[in-house]
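> Here it is, the structure, as structure tokens.
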Number of protein chains: 4
Amino acid sequence: MNLPPKPARDAAATQRRILEAALTEFSAHGHGGARIDRIAGAAGVSKPMIYNYFGDKEELYKAALRESYVQIRQGERQIDTDHMAPEEAIRELVRFTMEHFVSKPWFTSMLNTENMRGGVAVREMDHLSEIQSPLIETIGSILDRGVAEGSFRPGIDPTELYITIASLCFFPVSNKHTLRVVFKVPIDEDWLTRRAEEAGEMIIRYLRAAPNGGGS
Amino acid sequence: MNLPPKPARDAAATQRRILEAALTEFSAHGHGGARIDRIAGAAGVSKPMIYNYFGDKEELYKAALRESYVQIRQGERQIDTDHMAPEEAIRELVRFTMEHFVSKPWFTSMLNTENMRGGVAVREMDHLSEIQSPLIETIGSILDRGVAEGSFRPGIDPTELYITIASLCFFPVSNKHTLRVVFKVPIDEDWLTRRAEEAGEMIIRYLRAAPNGGGS
Amino acid sequence: MNLPPKPARDAAATQRRILEAALTEFSAHGHGGARIDRIAGAAGVSKPMIYNYFGDKEELYKAALRESYVQIRQGERQIDTDHMAPEEAIRELVRFTMEHFVSKPWFTSMLNTENMRGGVAVREMDHLSEIQSPLIETIGSILDRGVAEGSFRPGIDPTELYITIASLCFFPVSNKHTLRVVFKVPIDEDWLTRRAEEAGEMIIRYLRAAPNGGGS
Amino acid sequence: MNLPPKPARDAAATQRRILEAALTEFSAHGHGGARIDRIAGAAGVSKPMIYNYFGDKEELYKAALRESYVQIRQGERQIDTDHMAPEEAIRELVRFTMEHFVSKPWFTSMLNTENMRGGVAVREMDHLSEIQSPLIETIGSILDRGVAEGSFRPGIDPTELYITIASLCFFPVSNKHTLRVVFKVPIDEDWLTRRAEEAGEMIIRYLRAAPNGGGS
DNA sequence: TATGAATGAGTCTTCATTCAT
DNA sequence: TATGAATGAAGACTCATTCAT
């Protein structure tokens with residue numbers, strides 16, 4: 001693996017290496033399919049270290065799940081739409097989200113794994129604020145600006161809109177293997193980019209204020 | 001259990017019982033988490049029977065995956081939108097899809113499982129026509145009718161539209177556990193029904209032909 | 001090992017072989033020191049058989065503990081003192097108990113192990129009647145006969161007397177290794193036989209009715 | 001914990017703390033069940049300290065075993081029967097021994113552990129005089145006095161008598177958990193006190209010189 | 001003297017799979 | 001066709017012990 005040179009006897013660094021390896025492993029194989037052996041190997045540590053720092057497989061899984069959210073949310077903080085017109089801001093947000101899911105495929109895997117397990121781990125998670133999306137606020141302010149300038153309808157809930165955007169981006173990324181075979185769709189970066197554009201278009205039309213039919 | 005009376009020495013029936021049990025087990029626990037023991041128990045047969053009829057766990061999984069598609073596609077054949085106006089037909093289709101995913105949760109689980117495994121099983125599947133959605137054709141004819149009557153834009157690809165509908169319905173159903181916790185959304189039948197309505201609305205707006213700007 | 005030829009595919013026999021091996025192993029090494037591997041090896045079965053038939057190590061231990069009691073109690077049923085004079089019966093009982101502990105050394109080991117563990121297993125045991133000593137009744141009837149014929153005092157509790165006999169026999173057998181070294185006592189069959197004689201003598205003197213003080 | 005204030009860098013004190021903790025741990029869990037981790041924790045030192053001062057687990061166990069003898073023997077030196085009449089002295093000795101075993105339960109545990117291990121550690125022990133019981137001498141002198149005044153028979157070996165006393169006290173204390181369950185005996189301080197009295201009585205009767213048949 | 005970091009070698013337990021009937 | 005009995009291979013987790021500072 002291409003890990004940074006292993007600094008010996010650095011507890012914090014070791015923990016990080018384990019966590020990264022765990023995230024990779026759990027997202028690649030799910031909870032049941034993940035192997036502590038492989039995580040230890042990938043992290044360049046012995047198995048007991050994992051138990052020493054994380055307790056057991058379940059706890060390590062929880063830590064990895066949280067980490068996957070934290071990393072995704074950190075990524076989401078990079079986008080800046082303040083300077084864009086509302087319509088363009090929304091389109092950018094959709095593009096960004098698609099690109100985000102594409103470039104961090106472990107995230108969709110972790111979500112699927114966790115949901116297949118019934119959400120037990122996420123339910124026990126604390127400090128939820130850390131894993132909530134900053135995009136909700138971003139969307140809220142874009143919508144406000146759009147309503148103010150008359151281009152968007154009022155009454156749209158930011159969280160619901162975020163879920164809509166996530167839905168449109170998540171499904172084709174997460175289910176690409178079955179889609180490819182069953183519908184013979186050539187799922188690649190280009191196709192996903194085009195889908196993001198169409199999704200942006202669809203959402204804009206959905207948000208658009210009714211054209212003012214009046215005489216003025 | 002309340003299974004149909006077990007006819008002794010009926011090979012076909014035994015195979016079916018195994019297949020049903022396997023579908024339930026794989027969708028509930030994923031490939032790695034599924035247990036041959038439990039499948040045998042639920043099917044009311046001994047483990048060697050499973051190996052006798054299906055070869056090994058991998059083959060049984062493939063059979064269950066195919067079965068999940070077959071059952072879903074059969075369900076999809078129930079809907080009849082020929083007598084509806086195009087707009088209403090699309091809205092009905094979205095409602096139907098949401099309800100379909102909600103009432104057959106093993107389907108989303110199987111898709112997630114298969115995609116997490118990289119689609120190896122689906123790729124080796126034959127008789128693909130059996131597992132392709134009849135809704136593609138349905139959508140195609142609705143779109144045609146809509147274009148003909150002037151209410152829909154031309155140029156929409158039925159497969160792409162199907163994927164859009166599936167995206168909007170799949171995500172909130174499949175990820176309900178994490179959504180509930182992370183966004184504090186009260187995901188229940190009502191909420192999902194409302195989402196289906198909004199999704200219908202969004203898609204309609206997306207499909208709508210541009211309002212004829214009048215004489216100009 | 002000198003086990004009977006292994007009959008293939010005989011569940012009951014396999015269980016017995018496991019149980020015997022477990023009794024040997026647990027008594028030789030205690031609960032913590034016992035190894036499932038060795039038990040499987042000694043029983044001539046694979047490890048999964050043990051888990052199949054007994055659940056886990058703890059359950060196997062419980063089964064072995066119960067078995068040790070059952071075997072000891074069965075042995076105790078062999079003695080027949082009905083035809084002996086009360087005094088001789090008591091002496092015989094003491095001799096017998098000593099010999100019993102000497103020839104079944106796994107019993108003292110199991111008792112020590114269980115007591116060191118705080119008696120958790122024995123407390124959860126059911127069908128206690130099976131593990132209670134038939135000697136209590138035997139002693140009761142000897143004492144009655146002794147009192148009736150005037151040779152024993154009345155008011156002796158059979159259970160208490162049994163515990164006294166057990167105490168005198170158990171300690172030198174169970175603690176032979178430390179006694180040998182610390183007190184330089186040459187503990188062997190002879191020495192233990194002599195101790196049993198003296199113990200018998202002591203108990204008789206203890207039970208003896210006070211010599212009738214004469215003329216009063 | 002309420003340990004004496006830990007003086008930094010006091011080798012002797014550190015060793016003592018380790019030894020005390022080891023005695024507690026080994027007696028509570030046996031050799032196989034004892035954990036170096038817990039000993040280090042209870043002693044308030046790091047694990048390497050233990051290896052530094054004691055070598056390995058086996059050596060630490062030996063030290064703890066010796067320590068248990070040393071402490072017990074020190075306790076035994078507290079009793080003073082010189083001023084008592086021989087009979088009363090014997091009774092007192094039995095009471096004392098019972099109370100001793102009851103209040104230092106780690107001693108019976110260590111003996112059981114060591115004997116279950118076949119006495120390997122005790123056999124390699126040197127300076128045996130330190131771990132031999134001072135009560136042998138005490139008993140010797142009581143017996144002499146009793147014989148001299150005519151109340152005791154001659155010919156009783158002090159070591160054998162000590163073993164008898166120990167037997168009667170050890171068994172009910174060491175095996176209390178199984179006795180409680182199997183014989184439904186309510187083993188508590190009171191019951192043990194009464195047993196000590198009876199044991200004293202029994203031994204006295206055993207030692208008593210035959211009543212001088214008088215003039216006849 | 002003292003310790004936080006680290007690990008090799010197990011130990012219990014599980015599971016897909018096969019054998020003998 | 002059908003199954004109770006059996007197992008090889010592996011997985012999670014532990015523990016005495018050592019290393020580097």
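Letters A, B, ... go to the chains of the structure tokens in the order shown; residues in each chain start at 1; ligands are counted from 1 in the same order.
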Counting only C-alpha atoms (C1' of nucleotides), which residues of chain F come no farther than 10 Å from chain B, as a list in words?
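Selected residues: DT1, DA2, DT3 and DG4 of chain F.
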> Take the selection from the previous step and output its residues with N, CA and C atoms (P, O5', C5', C4', C3', O3' and C1' of nucleotides), as a compact mmCIF listing (two decimals), in the first residue's frame.

```txt
# COMPACT_ATOMS: atom_id res chain seq x y z
P DT F 1 -33.28 -36.97 -6.70
O5' DT F 1 -34.32 -36.68 -5.54
C5' DT F 1 -35.66 -36.91 -5.52
C4' DT F 1 -36.00 -37.25 -4.10
C3' DT F 1 -35.68 -36.12 -3.11
O3' DT F 1 -36.79 -35.94 -2.25
C1' DT F 1 -34.65 -38.15 -2.40
P DA F 2 -36.77 -34.72 -1.23
O5' DA F 2 -35.83 -35.27 -0.06
C5' DA F 2 -36.31 -36.34 0.76
C4' DA F 2 -35.29 -36.66 1.83
C3' DA F 2 -34.64 -35.43 2.47
O3' DA F 2 -35.20 -35.28 3.77
C1' DA F 2 -33.09 -37.21 2.10
P DT F 3 -34.69 -34.00 4.65
O5' DT F 3 -33.55 -34.68 5.53
C5' DT F 3 -33.85 -35.88 6.21
C4' DT F 3 -32.62 -36.35 6.98
C3' DT F 3 -31.90 -35.23 7.75
O3' DT F 3 -31.57 -35.73 9.02
C1' DT F 3 -30.36 -36.40 6.43
P DG F 4 -32.00 -34.94 10.32
O5' DG F 4 -31.01 -35.60 11.38
C5' DG F 4 -31.13 -36.99 11.65
C4' DG F 4 -29.74 -37.56 11.91
C3' DG F 4 -28.96 -36.82 12.99
O3' DG F 4 -28.22 -37.81 13.73
C1' DG F 4 -27.74 -36.78 10.97
```
> With only C-alpha atoms considered, list every residue of chain D at most 8 Å from chain C, as a PyMOL selection string.
chain D and resi 28-30+32-33+109+111-112+114-119+122-123+128+131-132+159+163-164+166-172+174-178+181-183+201-203+205-206
> Could the residues in this selection be saved with C-alpha atoms as a CSV table (one decimal), in the first residue's frame?

```csv
chain,number,residue,atom,x,y,z
D,28,ALA,CA,-8.9,-15.2,43.3
D,29,HIS,CA,-8.4,-16.7,39.8
D,30,GLY,CA,-5.9,-19.5,40.1
D,32,GLY,CA,-4.3,-20.0,34.7
D,33,GLY,CA,-7.0,-17.3,35.4
D,109,SER,CA,-7.2,-20.9,47.4
D,111,LEU,CA,-3.1,-24.3,48.4
D,112,ASN,CA,-5.7,-25.6,46.1
D,114,GLU,CA,-0.8,-25.3,43.9
D,115,ASN,CA,-2.0,-28.8,44.5
D,116,MET,CA,-4.0,-28.8,41.3
D,117,ARG,CA,-0.8,-27.9,39.6
D,118,GLY,CA,0.9,-30.9,41.1
D,119,GLY,CA,3.0,-29.0,43.6
D,122,VAL,CA,6.3,-25.7,46.3
D,123,ARG,CA,8.8,-28.4,45.4
D,128,LEU,CA,11.3,-24.3,53.8
D,131,ILE,CA,6.9,-21.9,55.6
D,132,GLN,CA,6.6,-24.6,58.1
D,159,THR,CA,2.3,-33.3,62.7
D,163,ILE,CA,-3.0,-32.3,59.7
D,164,THR,CA,-6.2,-33.5,61.4
D,166,ALA,CA,-6.3,-28.6,59.4
D,167,SER,CA,-8.4,-31.1,57.6
D,168,LEU,CA,-11.4,-30.4,59.8
D,169,CYS,CA,-11.1,-26.7,59.3
D,170,PHE,CA,-10.0,-26.5,55.7
D,171,PHE,CA,-12.6,-28.6,54.0
D,172,PRO,CA,-15.7,-26.7,55.1
D,174,SER,CA,-12.6,-24.3,51.0
D,175,ASN,CA,-15.6,-26.2,49.7
D,176,LYS,CA,-18.3,-23.9,51.1
D,177,HIS,CA,-19.9,-23.2,47.7
D,178,THR,CA,-20.5,-26.7,46.7
D,181,VAL,CA,-25.7,-26.2,47.2
D,182,VAL,CA,-25.3,-29.9,47.4
D,183,PHE,CA,-26.1,-30.4,51.1
D,201,GLU,CA,-14.6,-31.8,71.1
D,202,MET,CA,-13.9,-34.7,68.8
D,203,ILE,CA,-10.2,-34.2,69.0
D,205,ARG,CA,-12.1,-37.2,73.0
D,206,TYR,CA,-9.6,-38.7,70.6
```
> Which RMSD value, in Å, follows from superposing chain B onto chain A on all C-alpha atoms in order by least squares?
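Per the least-squares fit, the RMSD is 0.7 Å.
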> Excluding same-chain residues fewer than 2 positions from range 70-87 of chain B, what lies within 7 Å of it counting only C-alpha atoms (C1' of nucleotides), as a ChimeraX atom specification?
/B:66-68,89-91,130-131,133-135,142,145-146,204
> Using only C-alpha atoms (C1' of nucleotides), I'd like a table of the residues in chain B that come within 9 Å of chain E; for each, show the closest atom pair and its distance in Å rounded to one decimal, ordered by chain and ascending number, as a tab-separated table.

```
residue	atom	partner	partner_atom	distance
B:Arg35	CA	E:DC15	C1'	7.9
B:Ile36	CA	E:DA16	C1'	7.6
B:Asp37	CA	E:DC15	C1'	8.8
B:Pro48	CA	E:DT18	C1'	8.6
B:Tyr51	CA	E:DT17	C1'	8.4
B:Asp56	CA	E:DT17	C1'	8.3
B:Lys57	CA	E:DA16	C1'	7.7
```
> Counting only C-alpha atoms, which of C:Arg95, C:Arg16, C:Arg153, C:Lys104 gets nearest to Ala63 in chain C?
C:Arg16
> Between CA of Glu99 in chain C and CA of Asp190 in chain C, what is the spacing in Å?
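We find that CA of Asp190 in chain C and CA of Glu99 in chain C lie 11.1 Å from each other.
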> So how many Å separate CA of Ala40 in chain D and CA of Glu58 in chain A, to one decimal?
27.8 Å
> Report, in Å with one decimal, the straight-line distance from CA of Ala13 in chain D to C1' of DT18 in chain F.
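Answer for the CA of Ala13 in chain D to C1' of DT18 in chain F separation: 24.2 Å.
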> Going by DSSP on the backbone, which bits of range 37-108 of chain C are helix (DSSP H, G or I)? Write them as a ChimeraX atom specification, please.
/C:37-43,47-54,57-76,86-103,105-108
